$ cat target-v5.tsv   # TSV, C-alpha atoms (C1' of nucleotides)
chain	number	residue	atom	x	y	z
N	1	MET	CA	-1.49	-34.00	7.11
N	2	GLU	CA	2.01	-33.18	8.21
N	3	THR	CA	4.26	-31.47	5.73
N	4	ARG	CA	7.86	-30.48	6.10
N	5	ARG	CA	8.63	-26.94	5.17
N	6	ILE	CA	11.76	-24.88	5.07
N	7	ASP	CA	12.08	-23.05	8.37
N	8	PRO	CA	11.14	-19.51	7.40
N	9	VAL	CA	13.13	-17.89	10.15
N	10	ASN	CA	16.35	-19.80	9.50
N	11	CYS	CA	16.73	-18.06	6.19
N	12	SER	CA	19.13	-15.57	4.78
N	13	VAL	CA	16.35	-13.15	4.04
N	14	ALA	CA	15.38	-13.11	7.69
N	15	ARG	CA	19.01	-12.77	8.77
N	16	ALA	CA	19.60	-10.03	6.24
N	17	LEU	CA	16.55	-8.19	7.49
N	18	SER	CA	17.75	-8.46	11.06
N	19	VAL	CA	20.71	-6.35	9.99
N	20	VAL	CA	19.24	-3.99	7.40
N	21	GLY	CA	15.54	-4.38	8.05
N	22	GLU	CA	15.23	-1.55	10.52
N	23	ARG	CA	13.58	1.61	9.45
N	24	TRP	CA	16.65	3.65	8.58
N	25	SER	CA	19.38	1.14	7.89
N	26	LEU	CA	18.94	0.86	4.14
N	27	LEU	CA	18.57	4.61	3.78
N	28	ILE	CA	21.83	5.07	5.63
N	29	VAL	CA	23.50	2.59	3.31
N	30	ARG	CA	22.00	4.37	0.35
N	31	GLU	CA	23.41	7.70	1.45
N	32	ALA	CA	26.76	6.08	2.06
N	33	LEU	CA	26.73	4.66	-1.46
N	34	ASP	CA	26.04	8.18	-2.60
N	35	GLY	CA	29.02	9.63	-0.77
N	36	ALA	CA	27.89	10.42	2.75
N	37	ARG	CA	30.68	9.77	5.23
N	38	ARG	CA	30.25	11.83	8.34
N	39	PHE	CA	27.70	11.78	11.12
N	40	GLY	CA	26.41	15.15	10.03
N	41	ASP	CA	26.13	14.07	6.38
N	42	PHE	CA	23.70	11.34	7.31
N	43	HIS	CA	21.88	13.49	9.81
N	44	SER	CA	21.26	16.38	7.48
N	45	ARG	CA	20.49	14.31	4.40
N	46	LEU	CA	18.04	11.97	6.08
N	47	GLY	CA	16.65	14.03	8.95
N	48	ILE	CA	17.01	11.01	11.21
N	49	ALA	CA	17.13	11.60	14.95
N	50	ARG	CA	20.70	11.91	16.13
N	51	ASN	CA	20.59	9.24	18.79
N	52	LEU	CA	18.97	6.81	16.41
N	53	LEU	CA	21.59	7.58	13.81
N	54	ALA	CA	24.29	6.91	16.37
N	55	THR	CA	22.88	3.52	17.30
N	56	ARG	CA	22.17	2.59	13.67
N	57	LEU	CA	25.71	3.41	12.64
N	58	GLU	CA	26.98	1.37	15.55
N	59	THR	CA	24.74	-1.54	14.54
N	60	LEU	CA	25.92	-1.35	10.96
N	61	VAL	CA	29.54	-1.21	12.06
N	62	THR	CA	29.26	-4.24	14.31
N	63	ALA	CA	27.39	-6.09	11.56
N	64	GLY	CA	30.28	-5.43	9.21
N	65	VAL	CA	28.33	-3.26	6.79
N	66	MET	CA	30.24	-0.10	7.64
N	67	ARG	CA	33.61	0.78	9.05
N	68	ARG	CA	34.44	3.63	11.43
N	69	VAL	CA	37.55	5.36	10.21
N	70	PRO	CA	39.39	8.21	11.90
N	71	TYR	CA	40.26	11.20	9.84
N	72	GLN	CA	41.58	14.66	10.47
N	73	GLU	CA	41.07	17.70	8.34
N	74	PRO	CA	43.76	20.40	8.50
N	75	GLY	CA	43.05	22.82	11.30
N	76	ASP	CA	40.45	20.59	12.79
N	77	ARG	CA	40.41	17.92	15.40
N	78	ARG	CA	40.45	14.23	14.78
N	79	ARG	CA	37.01	12.91	13.87
N	80	PHE	CA	35.41	9.71	12.67
N	81	ALA	CA	33.82	8.95	9.36
N	82	TYR	CA	31.72	5.98	8.39
N	83	GLU	CA	32.35	4.18	5.17
N	84	LEU	CA	30.90	1.07	3.61
N	85	THR	CA	32.76	-2.18	3.64
N	86	GLU	CA	32.58	-4.47	0.66
N	87	GLN	CA	29.70	-6.14	2.46
N	88	GLY	CA	27.91	-2.83	2.60
N	89	ARG	CA	28.53	-1.99	-1.04
N	90	ALA	CA	27.10	-5.39	-1.91
N	91	LEU	CA	23.71	-4.05	-0.86
N	92	ARG	CA	23.58	-2.01	-4.04
N	93	PRO	CA	21.47	-4.57	-5.96
N	94	THR	CA	18.97	-4.69	-3.12
N	95	LEU	CA	18.66	-0.92	-3.19
N	96	VAL	CA	18.36	-0.82	-6.96
N	97	ALA	CA	15.64	-3.46	-6.77
N	98	LEU	CA	13.75	-1.43	-4.18
N	99	LEU	CA	14.21	1.74	-6.18
N	100	GLU	CA	12.89	0.10	-9.29
N	101	TRP	CA	9.90	-1.27	-7.45
N	102	GLY	CA	9.16	2.10	-5.93
N	103	ASP	CA	9.51	3.81	-9.29
N	104	THR	CA	7.16	1.36	-10.91
N	105	TYR	CA	4.39	1.27	-8.34
N	106	LEU	CA	4.71	4.28	-6.09
N	107	ALA	CA	5.96	6.75	-8.60
N	108	ASP	CA	6.11	10.45	-8.09
N	109	PRO	CA	3.80	11.99	-10.72
N	110	GLN	CA	6.78	13.83	-12.13
N	111	GLY	CA	8.71	10.63	-12.64
N	112	PRO	CA	11.56	9.07	-10.73
N	113	SER	CA	13.68	11.34	-8.60
N	114	VAL	CA	16.74	9.21	-9.00
N	115	ILE	CA	18.11	7.24	-11.90
N	116	VAL	CA	20.91	4.75	-11.44
N	117	ARG	CA	23.34	4.85	-14.31
N	118	HIS	CA	26.18	2.70	-15.57
N	119	ARG	CA	29.06	4.90	-14.61
N	120	PRO	CA	31.63	4.76	-11.84
N	121	VAL	CA	31.49	7.83	-9.64
N	122	ASP	CA	33.48	10.72	-11.13
N	123	ASP	CA	34.02	8.99	-14.44
N	124	ALA	CA	32.22	10.90	-17.17
N	125	SER	CA	33.51	8.63	-19.88
N	126	SER	CA	31.44	5.50	-19.63
N	127	CYS	CA	28.13	4.50	-21.06
N	128	ASP	CA	25.81	6.25	-18.62
N	129	GLU	CA	22.74	4.22	-19.50
N	130	PRO	CA	20.10	3.52	-16.81
N	131	VAL	CA	20.63	0.36	-14.82
N	132	LYS	CA	18.06	-2.27	-13.97
N	133	VAL	CA	18.17	-5.36	-11.86
N	134	VAL	CA	17.39	-8.62	-13.62
N	135	LEU	CA	17.08	-12.23	-12.51
N	136	GLU	CA	19.39	-14.60	-14.30
N	137	CYS	CA	19.99	-18.29	-13.82
N	138	ALA	CA	23.29	-20.12	-13.90
N	139	ALA	CA	22.44	-21.58	-17.30
N	140	GLY	CA	22.36	-18.08	-18.69
N	141	HIS	CA	18.65	-17.54	-19.00
N	142	SER	CA	18.16	-13.89	-18.23
N	143	HIS	CA	15.27	-11.50	-17.51
N	144	LEU	CA	13.32	-14.14	-15.64
N	145	ALA	CA	9.86	-13.12	-14.54
N	146	PRO	CA	8.96	-13.46	-10.86
N	147	GLU	CA	6.77	-16.42	-11.78
N	148	ASP	CA	9.64	-18.25	-13.43
N	149	VAL	CA	11.50	-18.92	-10.23
N	150	CYS	CA	10.80	-20.87	-7.08
N	151	ARG	CA	12.44	-21.56	-3.76
N	152	THR	CA	13.97	-24.93	-3.02
N	153	PRO	CA	15.77	-26.19	0.08
N	154	GLY	CA	19.52	-25.71	0.16
N	155	PRO	CA	22.23	-27.55	2.11
N	156	GLY	CA	21.62	-25.56	5.30
N	157	ALA	CA	17.86	-25.99	5.30
N	158	ARG	CA	16.05	-26.69	8.54
N	159	PHE	CA	12.58	-28.04	8.37
N	160	VAL	CA	9.59	-27.47	10.54
N	161	GLU	CA	6.53	-29.64	10.82
N	162	SER	CA	3.19	-28.13	10.12
N	163	SER	CA	-0.31	-29.46	9.86
B	1	MET	CA	-7.25	2.89	10.00
B	2	GLU	CA	-4.73	5.68	9.99
B	3	THR	CA	-1.32	4.99	8.52
B	4	ARG	CA	1.70	7.12	9.36
B	5	ARG	CA	4.08	7.54	6.47
B	6	ILE	CA	6.72	9.98	7.24
B	7	ASP	CA	8.10	10.48	3.77
B	8	PRO	CA	11.66	11.08	4.96
B	9	VAL	CA	13.07	11.94	1.58
B	10	ASN	CA	11.52	12.23	-1.84
B	11	CYS	CA	12.88	9.03	-3.28
B	12	SER	CA	11.41	5.78	-4.44
B	13	VAL	CA	13.58	3.82	-2.09
B	14	ALA	CA	12.11	5.73	0.83
B	15	ARG	CA	8.61	5.35	-0.53
B	16	ALA	CA	9.16	1.65	-1.11
B	17	LEU	CA	10.45	1.27	2.41
B	18	SER	CA	7.43	3.05	3.82
B	19	VAL	CA	5.37	0.19	2.40
B	20	VAL	CA	7.63	-2.84	2.82
B	21	GLY	CA	10.24	-1.53	5.24
B	22	GLU	CA	8.48	-2.61	8.40
B	23	ARG	CA	9.84	-5.54	10.29
B	24	TRP	CA	7.57	-8.25	8.91
B	25	SER	CA	6.31	-6.94	5.59
B	26	LEU	CA	8.94	-8.50	3.37
B	27	LEU	CA	8.76	-11.80	5.21
B	28	ILE	CA	5.01	-11.84	4.66
B	29	VAL	CA	5.55	-11.19	0.97
B	30	ARG	CA	8.17	-13.90	0.86
B	31	GLU	CA	5.80	-16.44	2.38
B	32	ALA	CA	3.12	-15.38	-0.05
B	33	LEU	CA	5.50	-15.91	-2.94
B	34	ASP	CA	6.07	-19.35	-1.50
B	35	GLY	CA	2.40	-20.21	-1.39
B	36	ALA	CA	1.01	-18.90	1.88
B	37	ARG	CA	-2.52	-17.62	1.43
B	38	ARG	CA	-4.43	-17.71	4.67
B	39	PHE	CA	-4.10	-15.82	7.91
B	40	GLY	CA	-3.08	-18.99	9.69
B	41	ASP	CA	-0.46	-19.83	7.06
B	42	PHE	CA	1.36	-16.62	7.73
B	43	HIS	CA	0.90	-16.84	11.46
B	44	SER	CA	2.22	-20.35	11.83
B	45	ARG	CA	5.04	-20.00	9.34
B	46	LEU	CA	6.40	-16.75	10.68
B	47	GLY	CA	5.38	-16.78	14.33
B	48	ILE	CA	4.33	-13.17	14.02
B	49	ALA	CA	1.89	-11.79	16.59
B	50	ARG	CA	-1.68	-12.10	15.34
B	51	ASN	CA	-2.67	-8.49	15.76
B	52	LEU	CA	0.43	-7.35	14.00
B	53	LEU	CA	-0.19	-9.80	11.18
B	54	ALA	CA	-3.71	-8.45	10.85
B	55	THR	CA	-2.54	-4.85	10.56
B	56	ARG	CA	0.37	-5.77	8.26
B	57	LEU	CA	-1.94	-7.63	5.90
B	58	GLU	CA	-4.29	-4.67	5.94
B	59	THR	CA	-1.41	-2.30	5.22
B	60	LEU	CA	-0.21	-4.48	2.36
B	61	VAL	CA	-3.71	-4.71	0.95
B	62	THR	CA	-4.28	-0.97	1.03
B	63	ALA	CA	-0.83	-0.44	-0.48
B	64	GLY	CA	-1.79	-2.70	-3.39
B	65	VAL	CA	0.77	-5.38	-2.64
B	66	MET	CA	-1.81	-7.98	-1.68
B	67	ARG	CA	-5.44	-8.65	-2.38
B	68	ARG	CA	-8.05	-10.05	0.01
B	69	VAL	CA	-10.06	-12.70	-1.78
B	70	PRO	CA	-13.02	-14.64	-0.45
B	71	TYR	CA	-12.96	-18.37	-0.84
B	72	GLN	CA	-14.93	-21.29	0.45
B	73	GLU	CA	-13.79	-24.83	0.91
B	74	PRO	CA	-16.42	-27.56	0.67
B	75	GLY	CA	-18.01	-28.17	4.06
B	76	ASP	CA	-16.48	-25.05	5.48
B	77	ARG	CA	-17.57	-21.50	5.84
B	78	ARG	CA	-16.60	-18.62	3.65
B	79	ARG	CA	-13.21	-17.23	4.52
B	80	PHE	CA	-10.69	-14.79	3.18
B	81	ALA	CA	-7.31	-15.46	1.72
B	82	TYR	CA	-4.54	-13.04	0.90
B	83	GLU	CA	-2.75	-13.24	-2.39
B	84	LEU	CA	-0.11	-11.11	-4.03
B	85	THR	CA	-0.99	-8.68	-6.74
B	86	GLU	CA	1.34	-8.15	-9.65
B	87	GLN	CA	2.83	-5.32	-7.61
B	88	GLY	CA	3.52	-7.76	-4.82
B	89	ARG	CA	5.07	-10.39	-7.07
B	90	ALA	CA	7.32	-7.67	-8.44
B	91	LEU	CA	9.11	-7.69	-5.09
B	92	ARG	CA	10.74	-10.97	-6.01
B	93	PRO	CA	13.99	-9.37	-7.24
B	94	THR	CA	14.27	-7.39	-4.00
B	95	LEU	CA	13.88	-10.58	-2.00
B	96	VAL	CA	16.34	-12.48	-4.17
B	97	ALA	CA	18.85	-9.67	-3.73
B	98	LEU	CA	18.43	-9.75	0.04
B	99	LEU	CA	18.69	-13.53	0.05
B	100	GLU	CA	21.88	-13.41	-1.94
B	101	TRP	CA	23.36	-10.79	0.33
B	102	GLY	CA	22.43	-12.78	3.40
B	103	ASP	CA	23.87	-15.96	1.91
B	104	THR	CA	27.11	-14.24	1.08
B	105	TYR	CA	27.74	-12.39	4.31
B	106	LEU	CA	25.59	-13.90	7.04
B	107	ALA	CA	25.64	-17.47	5.91
B	108	ASP	CA	24.63	-20.38	7.99
B	109	PRO	CA	27.77	-22.53	8.44
B	110	GLN	CA	26.00	-25.36	6.63
B	111	GLY	CA	25.31	-23.25	3.59
B	112	PRO	CA	22.22	-21.49	2.35
B	113	SER	CA	18.90	-22.78	3.58
B	114	VAL	CA	17.11	-21.73	0.44
B	115	ILE	CA	18.10	-21.74	-3.20
B	116	VAL	CA	16.06	-19.90	-5.76
B	117	ARG	CA	15.84	-21.84	-8.99
B	118	HIS	CA	14.74	-21.13	-12.53
B	119	ARG	CA	11.52	-23.08	-12.53
B	120	PRO	CA	7.92	-22.08	-12.38
B	121	VAL	CA	6.17	-23.58	-9.37
B	122	ASP	CA	5.00	-27.14	-10.09
B	123	ASP	CA	6.85	-27.40	-13.36
B	124	ALA	CA	9.52	-30.05	-13.11
B	125	SER	CA	10.52	-29.66	-16.71
B	126	SER	CA	12.56	-26.48	-16.85
B	127	CYS	CA	16.18	-25.71	-16.30
B	128	ASP	CA	16.24	-25.61	-12.50
B	129	GLU	CA	19.53	-23.75	-12.24
B	130	PRO	CA	20.10	-21.35	-9.32
B	131	VAL	CA	19.06	-17.77	-9.92
B	132	LYS	CA	21.03	-14.65	-9.16
B	133	VAL	CA	20.22	-11.00	-9.42
B	134	VAL	CA	22.47	-8.96	-11.68
B	135	LEU	CA	22.69	-5.29	-12.55
B	136	GLU	CA	22.37	-4.57	-16.24
B	137	CYS	CA	22.30	-1.29	-18.11
B	138	ALA	CA	20.09	-0.35	-21.02
B	139	ALA	CA	23.05	-0.63	-23.39
B	140	GLY	CA	23.28	-4.31	-22.51
B	141	HIS	CA	26.30	-4.25	-20.24
B	142	SER	CA	25.57	-6.89	-17.66
B	143	HIS	CA	26.97	-8.06	-14.32
B	144	LEU	CA	27.86	-4.54	-13.25
B	145	ALA	CA	29.73	-4.27	-9.98
B	146	PRO	CA	28.32	-1.99	-7.27
B	147	GLU	CA	31.12	0.46	-8.03
B	148	ASP	CA	30.20	0.68	-11.68
B	149	VAL	CA	26.95	2.51	-11.08
B	150	CYS	CA	26.00	5.85	-9.62
B	151	ARG	CA	22.87	7.78	-8.80
B	152	THR	CA	21.85	10.76	-10.89
B	153	PRO	CA	18.85	13.07	-10.56
B	154	GLY	CA	15.75	12.07	-12.51
B	155	PRO	CA	12.81	14.15	-13.77
B	156	GLY	CA	11.02	14.14	-10.41
B	157	ALA	CA	14.04	15.15	-8.35
B	158	ARG	CA	13.56	17.62	-5.52
B	159	PHE	CA	16.52	19.35	-4.08
B	160	VAL	CA	17.12	20.34	-0.50
B	161	GLU	CA	19.42	22.96	0.91
B	162	SER	CA	22.29	21.65	2.92
B	163	SER	CA	25.45	23.13	4.23
L	1	DG	C1'	37.78	33.09	28.61
L	2	DG	C1'	33.63	32.87	25.43
L	3	DG	C1'	31.52	31.35	21.48
L	4	DC	C1'	31.12	28.09	17.63
L	5	DT	C1'	30.98	23.52	15.46
L	6	DG	C1'	30.81	18.56	14.81
L	7	DA	C1'	29.68	14.54	17.10
L	8	DG	C1'	27.47	12.54	19.82
L	9	DT	C1'	24.22	11.44	24.95
L	10	DT	C1'	20.35	11.76	27.81
L	11	DG	C1'	15.54	11.74	28.88
L	12	DA	C1'	10.65	11.93	28.31
L	13	DA	C1'	6.71	11.08	25.28
L	14	DG	C1'	4.70	8.51	21.83
L	15	DA	C1'	4.43	4.71	18.40
L	16	DA	C1'	5.30	-0.07	17.29
L	17	DC	C1'	5.87	-4.87	18.69
L	18	DT	C1'	4.87	-9.08	21.53
L	19	DA	C1'	2.21	-12.40	23.97
L	20	DA	C1'	-1.71	-14.08	25.63
L	21	DA	C1'	-6.44	-13.93	26.47
L	22	DC	C1'	-10.76	-13.22	24.46
L	23	DC	C1'	-14.58	-13.08	20.73
L	24	DC	C1'	-17.45	-14.58	16.81
L	25	DA	C1'	-19.40	-17.41	13.14
L	26	DT	C1'	-19.83	-21.75	11.36
L	27	DA	C1'	-19.66	-26.62	11.51
L	28	DA	C1'	-19.33	-31.02	13.33
L	29	DA	C1'	-20.21	-34.12	17.36
L	30	DG	C1'	-23.01	-35.79	20.94
Z	1	DC	C1'	-30.17	-28.44	20.55
Z	2	DT	C1'	-26.38	-27.84	23.34
Z	3	DT	C1'	-21.33	-28.53	23.29
Z	4	DT	C1'	-16.98	-28.39	21.34
Z	5	DA	C1'	-13.66	-27.23	17.66
Z	6	DT	C1'	-11.61	-24.20	14.33
Z	7	DG	C1'	-10.17	-20.30	11.53
Z	8	DG	C1'	-9.73	-15.67	11.70
Z	9	DG	C1'	-9.36	-12.30	13.86
Z	10	DT	C1'	-9.70	-8.18	18.23
Z	11	DT	C1'	-8.44	-6.54	22.94
Z	12	DT	C1'	-5.45	-5.63	26.46
Z	13	DA	C1'	-1.31	-5.10	28.92
Z	14	DG	C1'	3.48	-4.85	28.97
Z	15	DT	C1'	7.97	-4.12	26.58
Z	16	DT	C1'	10.85	-2.24	23.21
Z	17	DC	C1'	11.83	1.23	19.48
Z	18	DT	C1'	11.56	5.98	17.55
Z	19	DT	C1'	11.38	10.64	17.88
Z	20	DC	C1'	12.37	15.23	19.34
Z	21	DA	C1'	14.51	18.42	21.96
Z	22	DA	C1'	17.80	19.62	25.15
Z	23	DC	C1'	22.28	18.79	26.85
Z	24	DT	C1'	27.35	17.48	26.89
Z	25	DC	C1'	32.07	17.38	25.33
Z	26	DA	C1'	36.32	18.47	22.87
Z	27	DG	C1'	38.90	21.32	20.18
Z	28	DC	C1'	39.44	25.47	17.13
Z	29	DC	C1'	39.08	30.70	16.64
Z	30	DC	C1'	39.01	35.13	18.49
$ encode --input "target-v5.tsv" --output "structure tokens"
Amino acid sequence: METRRIDPVNCSVARALSVVGERWSLLIVREALDGARRFGDFHSRLGIARNLLATRLETLVTAGVMRRVPYQEPGDRRRFAYELTEQGRALRPTLVALLEWGDTYLADPQGPSVIVRHRPVDDASSCDEPVKVVLECAAGHSHLAPEDVCRTPGPGARFVESS
Amino acid sequence: METRRIDPVNCSVARALSVVGERWSLLIVREALDGARRFGDFHSRLGIARNLLATRLETLVTAGVMRRVPYQEPGDRRRFAYELTEQGRALRPTLVALLEWGDTYLADPQGPSVIVRHRPVDDASSCDEPVKVVLECAAGHSHLAPEDVCRTPGPGARFVESS
DNA sequence: GGGCTGAGTTGAAGAACTAAACCCATAAAG
DNA sequence: CTTTATGGGTTTAGTTCTTCAACTCAGCCC
């Protein structure tokens, strides 16, 4: 029997992974969300090989996730920093989801090493409660369980035949 | 089989990525969420090399993301299928977040190829609206922007020296 | 000039990925 | 009872990615 299925490779998940699916990309984005800006920041925080860091940063810049901005500190030469674009900051939910999953199933015996809180950086005034990622539908139903959702073809769907 | 696992940083994101951060792992989980069960399902849907699929499935099984279950179809020999554990199904929000990010920034010109809807598989009765992932804090503030959250140390935090 | 620092490059070794051929057990066909 | 087909892998060979360490380069500081 032939069935038509959504082409699994023509899919935003696959495209997203082709940009941030490499071993270090999401960790680089995570450090950037946490304030890393310079080559050496990323290198020393992550322990990634320098050449790999260079090519990853370049990949992320050409993909539009990060931006290479010149800067100059007084009494120092002109250098480059890497900062997230809006596209890069939009990866926050993905990282929170991964963090939550890791905390739940691969936890350090001492508990999570990082907690994401509801507070803009450098603003001590707001609510500060831990943040979770939840699935919510357009009709307003929130906290959907993984079983409560399914994939359906969208306008850009390609189909493949399979037996 | 020996698995490498170079815990780069003590963080659940890094630990999560050491399980599902390899090139195909999340796509395998995605196909499983969409109903793939057998070796050949994954192979034909994804086009992944067979040996790699075999080791990925083994990795996912030993990591507790999938389970290897024997089954037998009438008039056929006993075979094995791979199904997600609860831990594996819990990756749904991560995949929805990646899908959303890909749809927003790497979209196919025709629009998304996949839409996730609020409906249990094979239940035509429920609301069917598209699903999004949102950040929500324990105090009930919902739809937090990436800028509204920050990382803070948790009970299991390790600290490293850096200059 | 000589040394130091941040920001990379280069190169060799090893690990991971790909593709294609091969293997094995069962079952169905001849 | 031999042959062929099929699902589910394993082997092998070749290519690409990662890693680590060593090297370069430009500008500041003495």
$ atom_distance --input "target-v5.tsv" --atom1 "CA of Glu83 in chain B" --atom2 "CA of Arg30 in chain B"
11.4 Å
$ interface_residues --input "target-v5.tsv" --of "chain Z" --to "chain N" --cutoff "7 Å" --atoms "all atoms listed in the file" --output "list in words"
DT19, DG27 and DC28 of chain Z
$ write_last_selection --input "target-v5.tsv" --atoms "C-alpha atoms (C1' of nucleotides)" --output "PDB file, keeping the file's coordinate frame"
ATOM      1  C1'  DT Z  19      11.380  10.640  17.880  1.00  0.00           C
ATOM      2  C1'  DG Z  27      38.900  21.320  20.180  1.00  0.00           C
ATOM      3  C1'  DC Z  28      39.440  25.470  17.130  1.00  0.00           C
TER       4       DC Z  28
END
$ closest_atom_pairs --input "target-v5.tsv" --of "chain B" --to "chain N" --cutoff "6 Å" --atoms "only C-alpha atoms" --output "Markdown table"
| residue | atom | partner | partner_atom | distance |
| --- | --- | --- | --- | --- |
| B:Cys11 | CA | N:Ser113 | CA | 5.9 |
| B:Ser12 | CA | N:Gly102 | CA | 4.6 |
| B:Val13 | CA | N:Leu99 | CA | 4.6 |
| B:Ala16 | CA | N:Gly102 | CA | 4.8 |
| B:Arg92 | CA | N:Pro146 | CA | 5.7 |
| B:Thr94 | CA | N:Ala97 | CA | 5.0 |
| B:Ala97 | CA | N:Thr94 | CA | 5.0 |
| B:Leu98 | CA | N:Val13 | CA | 5.6 |
| B:Leu99 | CA | N:Val13 | CA | 4.6 |
| B:Gly102 | CA | N:Ser12 | CA | 4.5 |
| B:Asp103 | CA | N:Ser12 | CA | 5.6 |
| B:Gln110 | CA | N:Gly156 | CA | 4.6 |
| B:Gly111 | CA | N:Gly156 | CA | 4.7 |
| B:Pro112 | CA | N:Gly156 | CA | 5.1 |
| B:Ser113 | CA | N:Ala157 | CA | 3.8 |
| B:Val114 | CA | N:Gly154 | CA | 4.7 |
| B:Ile115 | CA | N:Thr152 | CA | 5.2 |
| B:Val116 | CA | N:Arg151 | CA | 4.5 |
| B:Arg117 | CA | N:Val149 | CA | 5.4 |
| B:His118 | CA | N:Val149 | CA | 4.5 |
| B:Arg119 | CA | N:Val149 | CA | 4.8 |
| B:Pro120 | CA | N:Asp148 | CA | 4.3 |
| B:Val121 | CA | N:Cys150 | CA | 5.8 |
| B:Glu129 | CA | N:Ala138 | CA | 5.5 |
| B:Pro130 | CA | N:Cys137 | CA | 5.4 |
| B:Val131 | CA | N:Cys137 | CA | 4.0 |
| B:Lys132 | CA | N:Glu136 | CA | 5.4 |
| B:Val133 | CA | N:Leu135 | CA | 4.6 |
| B:Val134 | CA | N:Val134 | CA | 5.4 |
| B:Leu135 | CA | N:Val133 | CA | 4.6 |
| B:Glu136 | CA | N:Lys132 | CA | 5.4 |
| B:Cys137 | CA | N:Val131 | CA | 4.0 |
| B:Ala138 | CA | N:Glu129 | CA | 5.5 |
| B:Pro146 | CA | N:Arg92 | CA | 5.7 |
| B:Glu147 | CA | N:Pro120 | CA | 5.8 |
| B:Asp148 | CA | N:Pro120 | CA | 4.3 |
| B:Val149 | CA | N:His118 | CA | 4.6 |
| B:Cys150 | CA | N:Arg117 | CA | 5.5 |
| B:Arg151 | CA | N:Val116 | CA | 4.5 |
| B:Thr152 | CA | N:Ile115 | CA | 5.2 |
| B:Pro153 | CA | N:Val114 | CA | 4.7 |
| B:Gly154 | CA | N:Ser113 | CA | 4.5 |
| B:Pro155 | CA | N:Gly111 | CA | 5.5 |
| B:Gly156 | CA | N:Ser113 | CA | 4.3 |
| B:Ala157 | CA | N:Ser113 | CA | 3.8 |
$ closest_atom_pairs --input "target-v5.tsv" --of "chain L" --to "chain B" --cutoff "12 Å" --atoms "only C-alpha atoms (C1' of nucleotides)" --output "CSV"
residue,atom,partner,partner_atom,distance
L:DA15,C1',B:Arg4,CA,9.7
L:DA16,C1',B:Leu52,CA,9.4
L:DC17,C1',B:Leu52,CA,7.6
L:DT18,C1',B:Ala49,CA,6.4
L:DA19,C1',B:Ala49,CA,7.4
L:DA20,C1',B:Ala49,CA,10.0
L:DA25,C1',B:Arg77,CA,8.6
L:DT26,C1',B:Arg77,CA,6.0
L:DA27,C1',B:Asp76,CA,7.0
L:DA28,C1',B:Gly75,CA,9.8
$ residues_around --input "target-v5.tsv" --residues "Tyr71 in chain N" --least-positions-apart "6" --cutoff "8 Å" --atoms "all atoms listed in the file" --output "PyMOL selection string"
chain N and resi 78-81
$ write_last_selection --input "target-v5.tsv" --atoms "C-alpha atoms" --output "CSV table (one decimal), keeping the file's coordinate frame"
chain,number,residue,atom,x,y,z
N,78,ARG,CA,40.4,14.2,14.8
N,79,ARG,CA,37.0,12.9,13.9
N,80,PHE,CA,35.4,9.7,12.7
N,81,ALA,CA,33.8,9.0,9.4
$ atom_distance --input "target-v5.tsv" --atom1 "C1' of DC25 in chain Z" --atom2 "CA of Ile28 in chain N"
25.4 Å
$ atom_distance --input "target-v5.tsv" --atom1 "C1' of DA13 in chain Z" --atom2 "CA of Leu57 in chain B"
23.2 Å
$ closest_residue --input "target-v5.tsv" --among "Z:DG7, Z:DT18, Z:DT12, Z:DC1" --to "DG14 in chain L" --atoms "all atoms listed in the file"
Z:DT18
$ closest_residue --input "target-v5.tsv" --among "N:Leu84, N:Ala54, N:Arg67, N:Val61" --to "DT9 in chain L" --atoms "all atoms listed in the file"
N:Ala54
$ residues_near_point --input "target-v5.tsv" --point "(31.8, 26.0, 17.8)" --cutoff "10 Å" --atoms "only C-alpha atoms (C1' of nucleotides)" --output "ChimeraX atom specification"
/L:3-6 /Z:27-29
